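> The following block contains the structure, expressed as structure tokens.
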Amino acid sequence: MSVAVVNKVSGDTVGGAETGAAAVSRKRSRTRVLLGAIAFLAVACGGVYGRYWYLVGRFIESTNNAYLRADQVAMAPRVSGQVSEIYVSDNEEVAAGQALLKIDPRRYEMTERQAKATVEAREADVAKAEADLRQQDAVIAQGEADVKTAEANSDLAEKEFERAAVLATRGFATQQKNEQTESALAQARSTVNLKQAVLDAARQQIATLKAQLAQARAQLAAAKENLSQAEIDLNDTVLRSPIAGRVGDRTVQLGQFAQPGTRLLTIVPTDRMYLVANFKETQLAHMRPGQPAEIRVDAYPDLALTGTVDSFSPGTGAQFALLPPENATGNFTKIVQRVPVRIRVNAPEKAAPAFVPGLSVEVSVNTRPGDAVHTARAGT
């Protein structure tokens, strides 16, 4: 009885051991298959990534040190005065040539009226000088006629004197008659000299009158220039936008006294945006103008934009800093420099979000010539 019980227990133990060994073997087999599959997937993914990097990724230069920019225009008055009217509000869209604000024009209107009156007075001076010159021409003509008349009288007196002298010599005329004709000849010659002197003086007066006319014309030209300046100043009392864009940084207030050159507001041309990407100097070896770029704006992560490399800065950012570093002094530590690269943005014209200068951007430039922009993005 006891032998049978021992044999039964022994058989159960051997059967359980065999079942456990089979389970362990099956588990190890599944683990090997799973590890093999994982290794295969890893090798496949690595191969795909390696092929992508070799064909595309190694040509992509990326940076997140990039910001949207616009050539904004600071608006400042050219004349001084109190701001009497403001025509625009904050963030308002304006067109080129649109009036932004107006400075009190009364003082400049008075100056313009004074300048117009001065021009009229100078025009009258010119007209008078021209009339005097024409009158002097008539005086000269009269003087020439008087000289001719005096010369004719002198010739007649000389002939009468000669006849009287001959008659007196022959005894047919008295000595008194001879002396009278001689005195008449002397008076006639004196009259010729007087008329000639008057004519010479009249001719010399021409030069004086021409100088006066030239002076009057010069004063008229100066008065017209003053009038033009007054008109420009009056026109400048209205500050107009030179470009189309949006109003920003508006600090002007109604009644404020504005000085020439004081910035009152800024016009931002939001339709002409570009970005400046600060690439490391080690990323520029194969970068050239005209290469395509992919742009991602942090504010609009789902909006994919494209662009084109436009130009490179003539110096690194450190060279244009307020206090450029001087590496020739002290201990030198080499730091990778960054070069600003300007990129044109091909922004959509319709259904585009509000792009404003200063937004952070990530940009990837494809440096392989002739290739399209790929969607690869890498950290800086």
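Order determines the names: the first chain of the structure tokens is A, the second B, and so forth; residues in each chain are numbered 1 upward, and ligands are numbered 1 upward as they are shown.
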I need the residues in segment 196-356 of chain A that are alpha helix (DSSP H) according to DSSP; give them as a PyMOL selection string.

chain A and resi 196-235

> Quick one: write out the picked residues with N, CA and C atoms as a short mmCIF file (atom, residue, chain, number, x, y, z; two decimals), in the first residue's frame?


```cif
data_model
loop_
_atom_site.label_atom_id
_atom_site.label_comp_id
_atom_site.auth_asym_id
_atom_site.auth_seq_id
_atom_site.Cartn_x
_atom_site.Cartn_y
_atom_site.Cartn_z
N GLN A 196 25.69 166.58 -75.95
CA GLN A 196 26.45 165.33 -75.98
C GLN A 196 26.71 164.81 -74.57
N ALA A 197 26.98 165.75 -73.66
CA ALA A 197 27.20 165.36 -72.26
C ALA A 197 25.92 164.77 -71.67
N VAL A 198 24.77 165.40 -71.97
CA VAL A 198 23.50 164.87 -71.48
C VAL A 198 23.24 163.49 -72.05
N LEU A 199 23.56 163.30 -73.34
CA LEU A 199 23.38 161.98 -73.97
C LEU A 199 24.28 160.93 -73.33
N ASP A 200 25.54 161.30 -73.07
CA ASP A 200 26.46 160.36 -72.43
C ASP A 200 25.97 159.98 -71.03
N ALA A 201 25.47 160.96 -70.30
CA ALA A 201 24.94 160.67 -68.97
C ALA A 201 23.73 159.75 -69.04
N ALA A 202 22.87 159.96 -70.03
CA ALA A 202 21.70 159.10 -70.20
C ALA A 202 22.11 157.66 -70.54
N ARG A 203 23.14 157.55 -71.39
CA ARG A 203 23.62 156.22 -71.74
C ARG A 203 24.26 155.52 -70.54
N GLN A 204 24.97 156.26 -69.73
CA GLN A 204 25.55 155.66 -68.53
C GLN A 204 24.46 155.25 -67.53
N GLN A 205 23.36 155.96 -67.52
CA GLN A 205 22.27 155.63 -66.63
C GLN A 205 21.66 154.27 -66.97
N ILE A 206 21.82 153.85 -68.23
CA ILE A 206 21.30 152.54 -68.65
C ILE A 206 21.90 151.43 -67.81
N ALA A 207 23.21 151.48 -67.61
CA ALA A 207 23.87 150.45 -66.82
C ALA A 207 23.32 150.42 -65.39
N THR A 208 23.09 151.61 -64.82
CA THR A 208 22.54 151.67 -63.46
C THR A 208 21.15 151.08 -63.41
N LEU A 209 20.33 151.45 -64.41
CA LEU A 209 18.96 150.92 -64.43
C LEU A 209 18.94 149.42 -64.67
N LYS A 210 19.85 148.91 -65.50
CA LYS A 210 19.92 147.45 -65.71
C LYS A 210 20.33 146.73 -64.43
N ALA A 211 21.27 147.35 -63.70
CA ALA A 211 21.67 146.76 -62.42
C ALA A 211 20.50 146.76 -61.44
N GLN A 212 19.73 147.86 -61.42
CA GLN A 212 18.56 147.92 -60.55
C GLN A 212 17.51 146.87 -60.96
N LEU A 213 17.35 146.67 -62.26
CA LEU A 213 16.41 145.66 -62.74
C LEU A 213 16.88 144.26 -62.34
N ALA A 214 18.18 144.00 -62.50
CA ALA A 214 18.71 142.70 -62.10
C ALA A 214 18.53 142.47 -60.60
N GLN A 215 18.76 143.53 -59.81
CA GLN A 215 18.57 143.42 -58.37
C GLN A 215 17.10 143.15 -58.03
N ALA A 216 16.19 143.85 -58.72
CA ALA A 216 14.76 143.64 -58.48
C ALA A 216 14.35 142.22 -58.85
N ARG A 217 14.89 141.71 -59.96
CA ARG A 217 14.57 140.34 -60.35
C ARG A 217 15.13 139.32 -59.36
N ALA A 218 16.34 139.58 -58.85
CA ALA A 218 16.92 138.70 -57.84
C ALA A 218 16.08 138.71 -56.56
N GLN A 219 15.64 139.89 -56.16
CA GLN A 219 14.79 139.99 -54.97
C GLN A 219 13.45 139.28 -55.20
N LEU A 220 12.96 139.35 -56.45
CA LEU A 220 11.72 138.64 -56.77
C LEU A 220 11.93 137.13 -56.68
N ALA A 221 13.07 136.66 -57.21
CA ALA A 221 13.37 135.22 -57.13
C ALA A 221 13.48 134.77 -55.67
N ALA A 222 14.14 135.58 -54.84
CA ALA A 222 14.26 135.24 -53.42
C ALA A 222 12.89 135.23 -52.76
N ALA A 223 12.04 136.18 -53.12
CA ALA A 223 10.70 136.23 -52.54
C ALA A 223 9.88 135.01 -52.96
N LYS A 224 10.05 134.58 -54.21
CA LYS A 224 9.34 133.39 -54.67
C LYS A 224 9.83 132.14 -53.93
N GLU A 225 11.14 132.08 -53.67
CA GLU A 225 11.67 130.94 -52.91
C GLU A 225 11.12 130.95 -51.49
N ASN A 226 11.03 132.14 -50.90
CA ASN A 226 10.44 132.23 -49.56
C ASN A 226 8.98 131.80 -49.58
N LEU A 227 8.28 132.18 -50.65
CA LEU A 227 6.89 131.76 -50.78
C LEU A 227 6.79 130.24 -50.92
N SER A 228 7.70 129.67 -51.73
CA SER A 228 7.71 128.20 -51.88
C SER A 228 7.97 127.52 -50.54
N GLN A 229 8.91 128.07 -49.77
CA GLN A 229 9.20 127.51 -48.46
C GLN A 229 7.99 127.63 -47.54
N ALA A 230 7.32 128.77 -47.60
CA ALA A 230 6.13 128.95 -46.78
C ALA A 230 5.03 127.98 -47.18
N GLU A 231 4.87 127.75 -48.49
CA GLU A 231 3.87 126.79 -48.95
C GLU A 231 4.23 125.37 -48.53
N ILE A 232 5.54 125.04 -48.58
CA ILE A 232 5.97 123.71 -48.14
C ILE A 232 5.70 123.54 -46.65
N ASP A 233 6.03 124.56 -45.86
CA ASP A 233 5.78 124.48 -44.42
C ASP A 233 4.29 124.32 -44.13
N LEU A 234 3.47 125.05 -44.88
CA LEU A 234 2.02 124.95 -44.68
C LEU A 234 1.53 123.56 -45.06
N ASN A 235 2.06 123.04 -46.16
CA ASN A 235 1.67 121.69 -46.58
C ASN A 235 2.15 120.64 -45.58
#
```

> Determine, counting only C-alpha atoms, which protein, DNA and RNA residues have an atom within 12 Å of an atom of segment 361-364 of chain A; residues of the same chain fewer than 4 positions away are not included. Present the result as a PDB file with N, CA and C atoms, in the first residue's frame.


```pdb
ATOM      1  N   VAL A  56      18.736  63.920 -48.250  1.00  0.00           N
ATOM      2  CA  VAL A  56      18.062  65.176 -47.970  1.00  0.00           C
ATOM      3  C   VAL A  56      18.628  65.883 -46.739  1.00  0.00           C
ATOM      4  N   GLY A  57      18.623  65.205 -45.641  1.00  0.00           N
ATOM      5  CA  GLY A  57      18.890  65.844 -44.358  1.00  0.00           C
ATOM      6  C   GLY A  57      20.221  66.541 -44.263  1.00  0.00           C
ATOM      7  N   ARG A  58      21.241  66.011 -44.872  1.00  0.00           N
ATOM      8  CA  ARG A  58      22.561  66.641 -44.760  1.00  0.00           C
ATOM      9  C   ARG A  58      22.657  67.954 -45.523  1.00  0.00           C
ATOM     10  N   PHE A  59      21.661  68.231 -46.373  1.00  0.00           N
ATOM     11  CA  PHE A  59      21.662  69.498 -47.112  1.00  0.00           C
ATOM     12  C   PHE A  59      20.793  70.563 -46.441  1.00  0.00           C
ATOM     13  N   ILE A  60      20.123  70.238 -45.369  1.00  0.00           N
ATOM     14  CA  ILE A  60      19.213  71.155 -44.693  1.00  0.00           C
ATOM     15  C   ILE A  60      19.948  71.853 -43.557  1.00  0.00           C
ATOM     16  N   GLU A  61      19.926  73.207 -43.592  1.00  0.00           N
ATOM     17  CA  GLU A  61      20.495  74.009 -42.510  1.00  0.00           C
ATOM     18  C   GLU A  61      19.341  74.733 -41.830  1.00  0.00           C
ATOM     19  N   SER A  62      19.210  74.511 -40.530  1.00  0.00           N
ATOM     20  CA  SER A  62      18.053  75.031 -39.807  1.00  0.00           C
ATOM     21  C   SER A  62      18.484  75.865 -38.613  1.00  0.00           C
ATOM     22  N   THR A  63      17.588  76.774 -38.218  1.00  0.00           N
ATOM     23  CA  THR A  63      17.798  77.572 -37.018  1.00  0.00           C
ATOM     24  C   THR A  63      16.453  78.069 -36.522  1.00  0.00           C
ATOM     25  N   ASN A  64      16.361  78.214 -35.208  1.00  0.00           N
ATOM     26  CA  ASN A  64      15.173  78.854 -34.633  1.00  0.00           C
ATOM     27  C   ASN A  64      15.484  80.256 -34.142  1.00  0.00           C
ATOM     28  N   ASN A  65      16.686  80.739 -34.453  1.00  0.00           N
ATOM     29  CA  ASN A  65      17.078  82.109 -34.119  1.00  0.00           C
ATOM     30  C   ASN A  65      16.704  83.009 -35.300  1.00  0.00           C
ATOM     31  N   ALA A  66      15.409  83.168 -35.501  1.00  0.00           N
ATOM     32  CA  ALA A  66      14.910  83.928 -36.649  1.00  0.00           C
ATOM     33  C   ALA A  66      13.635  84.654 -36.232  1.00  0.00           C
ATOM     34  N   TYR A  67      13.443  85.841 -36.837  1.00  0.00           N
ATOM     35  CA  TYR A  67      12.305  86.681 -36.471  1.00  0.00           C
ATOM     36  C   TYR A  67      11.782  87.384 -37.711  1.00  0.00           C
ATOM     37  N   LEU A  68      10.479  87.602 -37.737  1.00  0.00           N
ATOM     38  CA  LEU A  68       9.879  88.363 -38.823  1.00  0.00           C
ATOM     39  C   LEU A  68      10.256  89.841 -38.694  1.00  0.00           C
ATOM     40  N   ARG A  69      10.471  90.478 -39.832  1.00  0.00           N
ATOM     41  CA  ARG A  69      10.841  91.887 -39.854  1.00  0.00           C
ATOM     42  C   ARG A  69      10.011  92.621 -40.900  1.00  0.00           C
ATOM     43  N   TYR A 274       9.483  90.212 -44.245  1.00  0.00           N
ATOM     44  CA  TYR A 274      10.605  89.315 -44.511  1.00  0.00           C
ATOM     45  C   TYR A 274      11.134  88.838 -43.171  1.00  0.00           C
ATOM     46  N   LEU A 275      12.030  87.913 -43.194  1.00  0.00           N
ATOM     47  CA  LEU A 275      12.580  87.437 -41.930  1.00  0.00           C
ATOM     48  C   LEU A 275      14.097  87.473 -41.988  1.00  0.00           C
ATOM     49  N   VAL A 276      14.675  87.623 -40.833  1.00  0.00           N
ATOM     50  CA  VAL A 276      16.129  87.603 -40.676  1.00  0.00           C
ATOM     51  C   VAL A 276      16.464  86.411 -39.792  1.00  0.00           C
ATOM     52  N   ALA A 277      17.182  85.446 -40.367  1.00  0.00           N
ATOM     53  CA  ALA A 277      17.595  84.243 -39.652  1.00  0.00           C
ATOM     54  C   ALA A 277      19.078  84.351 -39.331  1.00  0.00           C
ATOM     55  N   ASN A 278      19.419  84.151 -38.080  1.00  0.00           N
ATOM     56  CA  ASN A 278      20.811  84.255 -37.629  1.00  0.00           C
ATOM     57  C   ASN A 278      21.432  82.865 -37.613  1.00  0.00           C
ATOM     58  N   PHE A 279      22.038  82.479 -38.729  1.00  0.00           N
ATOM     59  CA  PHE A 279      22.660  81.165 -38.856  1.00  0.00           C
ATOM     60  C   PHE A 279      24.069  81.195 -38.261  1.00  0.00           C
ATOM     61  N   GLN A 283      27.255  77.032 -40.721  1.00  0.00           N
ATOM     62  CA  GLN A 283      26.143  76.588 -41.552  1.00  0.00           C
ATOM     63  C   GLN A 283      26.108  77.276 -42.911  1.00  0.00           C
ATOM     64  N   MET A 287      25.409  77.681 -48.407  1.00  0.00           N
ATOM     65  CA  MET A 287      24.200  78.502 -48.513  1.00  0.00           C
ATOM     66  C   MET A 287      24.432  79.632 -49.508  1.00  0.00           C
ATOM     67  N   GLN A 291      18.282  80.061 -52.795  1.00  0.00           N
ATOM     68  CA  GLN A 291      17.928  78.734 -52.329  1.00  0.00           C
ATOM     69  C   GLN A 291      16.586  78.767 -51.604  1.00  0.00           C
ATOM     70  N   PRO A 292      15.785  77.685 -51.737  1.00  0.00           N
ATOM     71  CA  PRO A 292      14.465  77.664 -51.105  1.00  0.00           C
ATOM     72  C   PRO A 292      14.573  77.409 -49.610  1.00  0.00           C
ATOM     73  N   ALA A 293      13.538  77.835 -48.899  1.00  0.00           N
ATOM     74  CA  ALA A 293      13.502  77.677 -47.454  1.00  0.00           C
ATOM     75  C   ALA A 293      12.091  77.324 -47.020  1.00  0.00           C
ATOM     76  N   GLU A 294      12.018  76.569 -45.938  1.00  0.00           N
ATOM     77  CA  GLU A 294      10.739  76.249 -45.306  1.00  0.00           C
ATOM     78  C   GLU A 294      10.643  77.038 -44.006  1.00  0.00           C
ATOM     79  N   ILE A 295       9.479  77.628 -43.765  1.00  0.00           N
ATOM     80  CA  ILE A 295       9.317  78.543 -42.633  1.00  0.00           C
ATOM     81  C   ILE A 295       8.158  78.071 -41.771  1.00  0.00           C
ATOM     82  N   ARG A 296       8.388  78.079 -40.468  1.00  0.00           N
ATOM     83  CA  ARG A 296       7.344  77.770 -39.495  1.00  0.00           C
ATOM     84  C   ARG A 296       7.287  78.917 -38.483  1.00  0.00           C
ATOM     85  N   VAL A 297       6.113  79.512 -38.355  1.00  0.00           N
ATOM     86  CA  VAL A 297       5.923  80.607 -37.399  1.00  0.00           C
ATOM     87  C   VAL A 297       5.401  80.009 -36.104  1.00  0.00           C
ATOM     88  N   ASP A 298       6.058  80.347 -34.994  1.00  0.00           N
ATOM     89  CA  ASP A 298       5.657  79.786 -33.701  1.00  0.00           C
ATOM     90  C   ASP A 298       4.210  80.113 -33.367  1.00  0.00           C
ATOM     91  N   ALA A 299       3.755  81.298 -33.752  1.00  0.00           N
ATOM     92  CA  ALA A 299       2.382  81.704 -33.436  1.00  0.00           C
ATOM     93  C   ALA A 299       1.352  80.911 -34.233  1.00  0.00           C
ATOM     94  N   TYR A 300       1.743  80.364 -35.388  1.00  0.00           N
ATOM     95  CA  TYR A 300       0.830  79.614 -36.245  1.00  0.00           C
ATOM     96  C   TYR A 300       1.512  78.302 -36.631  1.00  0.00           C
ATOM     97  N   PRO A 301       1.550  77.333 -35.723  1.00  0.00           N
ATOM     98  CA  PRO A 301       2.309  76.103 -35.985  1.00  0.00           C
ATOM     99  C   PRO A 301       1.755  75.272 -37.134  1.00  0.00           C
ATOM    100  N   LEU A 303       0.605  76.470 -39.968  1.00  0.00           N
ATOM    101  CA  LEU A 303       0.733  77.201 -41.228  1.00  0.00           C
ATOM    102  C   LEU A 303       2.129  76.986 -41.803  1.00  0.00           C
ATOM    103  N   ALA A 304       2.166  76.339 -42.955  1.00  0.00           N
ATOM    104  CA  ALA A 304       3.445  76.084 -43.621  1.00  0.00           C
ATOM    105  C   ALA A 304       3.696  77.177 -44.654  1.00  0.00           C
ATOM    106  N   LEU A 305       4.842  77.841 -44.548  1.00  0.00           N
ATOM    107  CA  LEU A 305       5.222  78.897 -45.484  1.00  0.00           C
ATOM    108  C   LEU A 305       6.523  78.535 -46.166  1.00  0.00           C
ATOM    109  N   THR A 306       6.727  79.125 -47.303  1.00  0.00           N
ATOM    110  CA  THR A 306       7.988  78.954 -48.026  1.00  0.00           C
ATOM    111  C   THR A 306       8.643  80.316 -48.206  1.00  0.00           C
ATOM    112  N   GLY A 307       9.903  80.285 -48.510  1.00  0.00           N
ATOM    113  CA  GLY A 307      10.653  81.514 -48.727  1.00  0.00           C
ATOM    114  C   GLY A 307      11.864  81.266 -49.588  1.00  0.00           C
ATOM    115  N   THR A 308      12.626  82.322 -49.803  1.00  0.00           N
ATOM    116  CA  THR A 308      13.823  82.247 -50.641  1.00  0.00           C
ATOM    117  C   THR A 308      14.921  83.069 -49.992  1.00  0.00           C
ATOM    118  N   VAL A 309      16.116  82.518 -49.962  1.00  0.00           N
ATOM    119  CA  VAL A 309      17.260  83.248 -49.420  1.00  0.00           C
ATOM    120  C   VAL A 309      17.504  84.471 -50.302  1.00  0.00           C
ATOM    121  N   VAL A 341      20.872  86.406 -42.092  1.00  0.00           N
ATOM    122  CA  VAL A 341      20.521  86.059 -43.472  1.00  0.00           C
ATOM    123  C   VAL A 341      19.091  86.522 -43.716  1.00  0.00           C
ATOM    124  N   ARG A 342      18.921  87.340 -44.738  1.00  0.00           N
ATOM    125  CA  ARG A 342      17.584  87.854 -45.065  1.00  0.00           C
ATOM    126  C   ARG A 342      16.889  86.879 -46.014  1.00  0.00           C
ATOM    127  N   ILE A 343      15.639  86.540 -45.681  1.00  0.00           N
ATOM    128  CA  ILE A 343      14.872  85.572 -46.452  1.00  0.00           C
ATOM    129  C   ILE A 343      13.523  86.199 -46.807  1.00  0.00           C
ATOM    130  N   ARG A 344      13.188  86.167 -48.082  1.00  0.00           N
ATOM    131  CA  ARG A 344      11.877  86.637 -48.532  1.00  0.00           C
ATOM    132  C   ARG A 344      10.815  85.610 -48.173  1.00  0.00           C
ATOM    133  N   VAL A 345       9.683  86.083 -47.692  1.00  0.00           N
ATOM    134  CA  VAL A 345       8.596  85.201 -47.274  1.00  0.00           C
ATOM    135  C   VAL A 345       7.511  85.213 -48.337  1.00  0.00           C
ATOM    136  N   PHE A 355       0.416  88.655 -39.604  1.00  0.00           N
ATOM    137  CA  PHE A 355       1.870  88.619 -39.451  1.00  0.00           C
ATOM    138  C   PHE A 355       2.339  89.996 -38.973  1.00  0.00           C
ATOM    139  N   VAL A 356       3.095  90.006 -37.911  1.00  0.00           N
ATOM    140  CA  VAL A 356       3.620  91.256 -37.375  1.00  0.00           C
ATOM    141  C   VAL A 356       5.106  91.089 -37.132  1.00  0.00           C
ATOM    142  N   PRO A 357       5.884  92.157 -37.241  1.00  0.00           N
ATOM    143  CA  PRO A 357       7.323  92.062 -36.981  1.00  0.00           C
ATOM    144  C   PRO A 357       7.600  91.611 -35.552  1.00  0.00           C
ATOM    145  N   ALA A 372      13.941  70.959 -54.211  1.00  0.00           N
ATOM    146  CA  ALA A 372      12.798  71.617 -53.602  1.00  0.00           C
ATOM    147  C   ALA A 372      12.951  71.635 -52.098  1.00  0.00           C
ATOM    148  N   VAL A 373      12.127  72.446 -51.489  1.00  0.00           N
ATOM    149  CA  VAL A 373      12.175  72.536 -50.037  1.00  0.00           C
ATOM    150  C   VAL A 373      11.584  71.267 -49.436  1.00  0.00           C
ATOM    151  N   HIS A 374      12.303  70.678 -48.528  1.00  0.00           N
ATOM    152  CA  HIS A 374      11.819  69.496 -47.826  1.00  0.00           C
ATOM    153  C   HIS A 374      11.321  69.870 -46.446  1.00  0.00           C
ATOM    154  N   THR A 375      10.667  68.940 -45.868  1.00  0.00           N
ATOM    155  CA  THR A 375      10.025  69.232 -44.589  1.00  0.00           C
ATOM    156  C   THR A 375      10.886  68.884 -43.400  1.00  0.00           C
ATOM    157  N   ALA A 376      12.147  68.674 -43.653  1.00  0.00           N
ATOM    158  CA  ALA A 376      13.030  68.344 -42.545  1.00  0.00           C
ATOM    159  C   ALA A 376      13.229  69.567 -41.661  1.00  0.00           C
ATOM    160  N   ARG A 377      13.200  69.343 -40.412  1.00  0.00           N
ATOM    161  CA  ARG A 377      13.427  70.410 -39.441  1.00  0.00           C
ATOM    162  C   ARG A 377      14.341  69.885 -38.353  1.00  0.00           C
ATOM    163  N   ALA A 378      15.340  70.664 -38.029  1.00  0.00           N
ATOM    164  CA  ALA A 378      16.291  70.260 -36.999  1.00  0.00           C
ATOM    165  C   ALA A 378      16.469  71.380 -36.021  1.00  0.00           C
ATOM    166  N   GLY A 379      16.848  71.033 -34.812  1.00  0.00           N
ATOM    167  CA  GLY A 379      17.111  72.063 -33.809  1.00  0.00           C
ATOM    168  C   GLY A 379      18.428  72.758 -34.073  1.00  0.00           C
ATOM    169  N   THR A 380      18.553  73.914 -33.454  1.00  0.00           N
ATOM    170  CA  THR A 380      19.780  74.692 -33.622  1.00  0.00           C
ATOM    171  C   THR A 380      20.891  74.078 -32.828  1.00  0.00           C
TER     172      THR A 380
END
```

> Leaving out Arg246 of chain A and any residue of its chain fewer than 5 positions from it, which residues lie within 12 Å of it when counting only C-alpha atoms, given as a PDB file with N, CA and C atoms, in the first residue's frame?


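Saved as around-v8.pdb:
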```
ATOM      1  N   ALA A  70      10.011  93.939 -40.794  1.00  0.00           N
ATOM      2  CA  ALA A  70       9.384  94.812 -41.791  1.00  0.00           C
ATOM      3  C   ALA A  70      10.097  96.153 -41.741  1.00  0.00           C
ATOM      4  N   GLN A  72       9.728  99.281 -41.215  1.00  0.00           N
ATOM      5  CA  GLN A  72       8.784 100.240 -40.667  1.00  0.00           C
ATOM      6  C   GLN A  72       9.312 101.665 -40.793  1.00  0.00           C
ATOM      7  N   VAL A  73       8.388 102.618 -40.869  1.00  0.00           N
ATOM      8  CA  VAL A  73       8.728 104.026 -41.059  1.00  0.00           C
ATOM      9  C   VAL A  73       8.249 104.810 -39.841  1.00  0.00           C
ATOM     10  N   ALA A  74       9.176 105.461 -39.164  1.00  0.00           N
ATOM     11  CA  ALA A  74       8.827 106.325 -38.031  1.00  0.00           C
ATOM     12  C   ALA A  74       8.366 107.676 -38.570  1.00  0.00           C
ATOM     13  N   VAL A  88      -6.139 109.148 -37.432  1.00  0.00           N
ATOM     14  CA  VAL A  88      -6.024 107.692 -37.383  1.00  0.00           C
ATOM     15  C   VAL A  88      -6.017 107.233 -35.935  1.00  0.00           C
ATOM     16  N   SER A  89      -6.332 105.951 -35.759  1.00  0.00           N
ATOM     17  CA  SER A  89      -6.318 105.342 -34.433  1.00  0.00           C
ATOM     18  C   SER A  89      -5.280 104.230 -34.405  1.00  0.00           C
ATOM     19  N   ASP A  90      -5.085 103.635 -33.238  1.00  0.00           N
ATOM     20  CA  ASP A  90      -4.102 102.565 -33.094  1.00  0.00           C
ATOM     21  C   ASP A  90      -4.451 101.385 -33.991  1.00  0.00           C
ATOM     22  N   ASN A  91      -3.401 100.832 -34.629  1.00  0.00           N
ATOM     23  CA  ASN A  91      -3.488  99.601 -35.435  1.00  0.00           C
ATOM     24  C   ASN A  91      -4.376  99.753 -36.672  1.00  0.00           C
ATOM     25  N   GLU A  92      -4.657 100.969 -37.085  1.00  0.00           N
ATOM     26  CA  GLU A  92      -5.519 101.198 -38.246  1.00  0.00           C
ATOM     27  C   GLU A  92      -4.737 101.024 -39.544  1.00  0.00           C
ATOM     28  N   GLU A  93      -5.408 100.459 -40.535  1.00  0.00           N
ATOM     29  CA  GLU A  93      -4.817 100.335 -41.865  1.00  0.00           C
ATOM     30  C   GLU A  93      -4.861 101.697 -42.555  1.00  0.00           C
ATOM     31  N   VAL A  94      -3.749 102.092 -43.168  1.00  0.00           N
ATOM     32  CA  VAL A  94      -3.683 103.366 -43.881  1.00  0.00           C
ATOM     33  C   VAL A  94      -3.122 103.128 -45.276  1.00  0.00           C
ATOM     34  N   ALA A  95      -3.487 104.007 -46.197  1.00  0.00           N
ATOM     35  CA  ALA A  95      -2.985 103.939 -47.575  1.00  0.00           C
ATOM     36  C   ALA A  95      -1.865 104.955 -47.750  1.00  0.00           C
ATOM     37  N   ALA A  96      -1.091 104.760 -48.806  1.00  0.00           N
ATOM     38  CA  ALA A  96      -0.009 105.697 -49.105  1.00  0.00           C
ATOM     39  C   ALA A  96      -0.596 107.068 -49.425  1.00  0.00           C
ATOM     40  N   GLN A  98      -2.206 108.955 -47.250  1.00  0.00           N
ATOM     41  CA  GLN A  98      -3.316 109.273 -46.362  1.00  0.00           C
ATOM     42  C   GLN A  98      -2.863 110.194 -45.234  1.00  0.00           C
ATOM     43  N   LEU A 100      -2.460 111.605 -41.619  1.00  0.00           N
ATOM     44  CA  LEU A 100      -2.386 110.968 -40.307  1.00  0.00           C
ATOM     45  C   LEU A 100      -2.771 111.935 -39.190  1.00  0.00           C
ATOM     46  N   SER A 241       1.114 109.598 -44.670  1.00  0.00           N
ATOM     47  CA  SER A 241       1.848 108.329 -44.684  1.00  0.00           C
ATOM     48  C   SER A 241       2.534 108.138 -46.027  1.00  0.00           C
ATOM     49  N   LEU A 265       4.337 108.434 -34.363  1.00  0.00           N
ATOM     50  CA  LEU A 265       3.754 107.117 -34.602  1.00  0.00           C
ATOM     51  C   LEU A 265       4.604 106.399 -35.636  1.00  0.00           C
ATOM     52  N   THR A 266       4.283 105.136 -35.882  1.00  0.00           N
ATOM     53  CA  THR A 266       5.061 104.314 -36.815  1.00  0.00           C
ATOM     54  C   THR A 266       4.119 103.637 -37.787  1.00  0.00           C
ATOM     55  N   ILE A 267       4.524 103.582 -39.048  1.00  0.00           N
ATOM     56  CA  ILE A 267       3.774 102.870 -40.081  1.00  0.00           C
ATOM     57  C   ILE A 267       4.513 101.578 -40.401  1.00  0.00           C
ATOM     58  N   VAL A 268       3.824 100.451 -40.247  1.00  0.00           N
ATOM     59  CA  VAL A 268       4.425  99.141 -40.480  1.00  0.00           C
ATOM     60  C   VAL A 268       3.807  98.540 -41.739  1.00  0.00           C
ATOM     61  N   PRO A 269       4.613  98.307 -42.798  1.00  0.00           N
ATOM     62  CA  PRO A 269       4.071  97.708 -44.030  1.00  0.00           C
ATOM     63  C   PRO A 269       3.912  96.200 -43.865  1.00  0.00           C
ATOM     64  N   THR A 270       2.788  95.775 -43.315  1.00  0.00           N
ATOM     65  CA  THR A 270       2.580  94.359 -43.018  1.00  0.00           C
ATOM     66  C   THR A 270       2.465  93.495 -44.272  1.00  0.00           C
ATOM     67  N   ASP A 271       2.298  94.103 -45.440  1.00  0.00           N
ATOM     68  CA  ASP A 271       2.225  93.308 -46.666  1.00  0.00           C
ATOM     69  C   ASP A 271       3.599  93.081 -47.284  1.00  0.00           C
ATOM     70  N   ARG A 272       4.636  93.608 -46.676  1.00  0.00           N
ATOM     71  CA  ARG A 272       6.000  93.412 -47.199  1.00  0.00           C
ATOM     72  C   ARG A 272       6.890  92.888 -46.079  1.00  0.00           C
ATOM     73  N   ALA A 354      -2.483  87.285 -39.053  1.00  0.00           N
ATOM     74  CA  ALA A 354      -1.859  88.596 -38.844  1.00  0.00           C
ATOM     75  C   ALA A 354      -0.370  88.430 -38.582  1.00  0.00           C
ATOM     76  N   PHE A 355       0.416  88.655 -39.604  1.00  0.00           N
ATOM     77  CA  PHE A 355       1.870  88.619 -39.451  1.00  0.00           C
ATOM     78  C   PHE A 355       2.339  89.996 -38.973  1.00  0.00           C
ATOM     79  N   VAL A 356       3.095  90.006 -37.911  1.00  0.00           N
ATOM     80  CA  VAL A 356       3.620  91.256 -37.375  1.00  0.00           C
ATOM     81  C   VAL A 356       5.106  91.089 -37.132  1.00  0.00           C
ATOM     82  N   PRO A 357       5.884  92.157 -37.241  1.00  0.00           N
ATOM     83  CA  PRO A 357       7.323  92.062 -36.981  1.00  0.00           C
ATOM     84  C   PRO A 357       7.600  91.611 -35.552  1.00  0.00           C
TER      85      PRO A 357
END
```
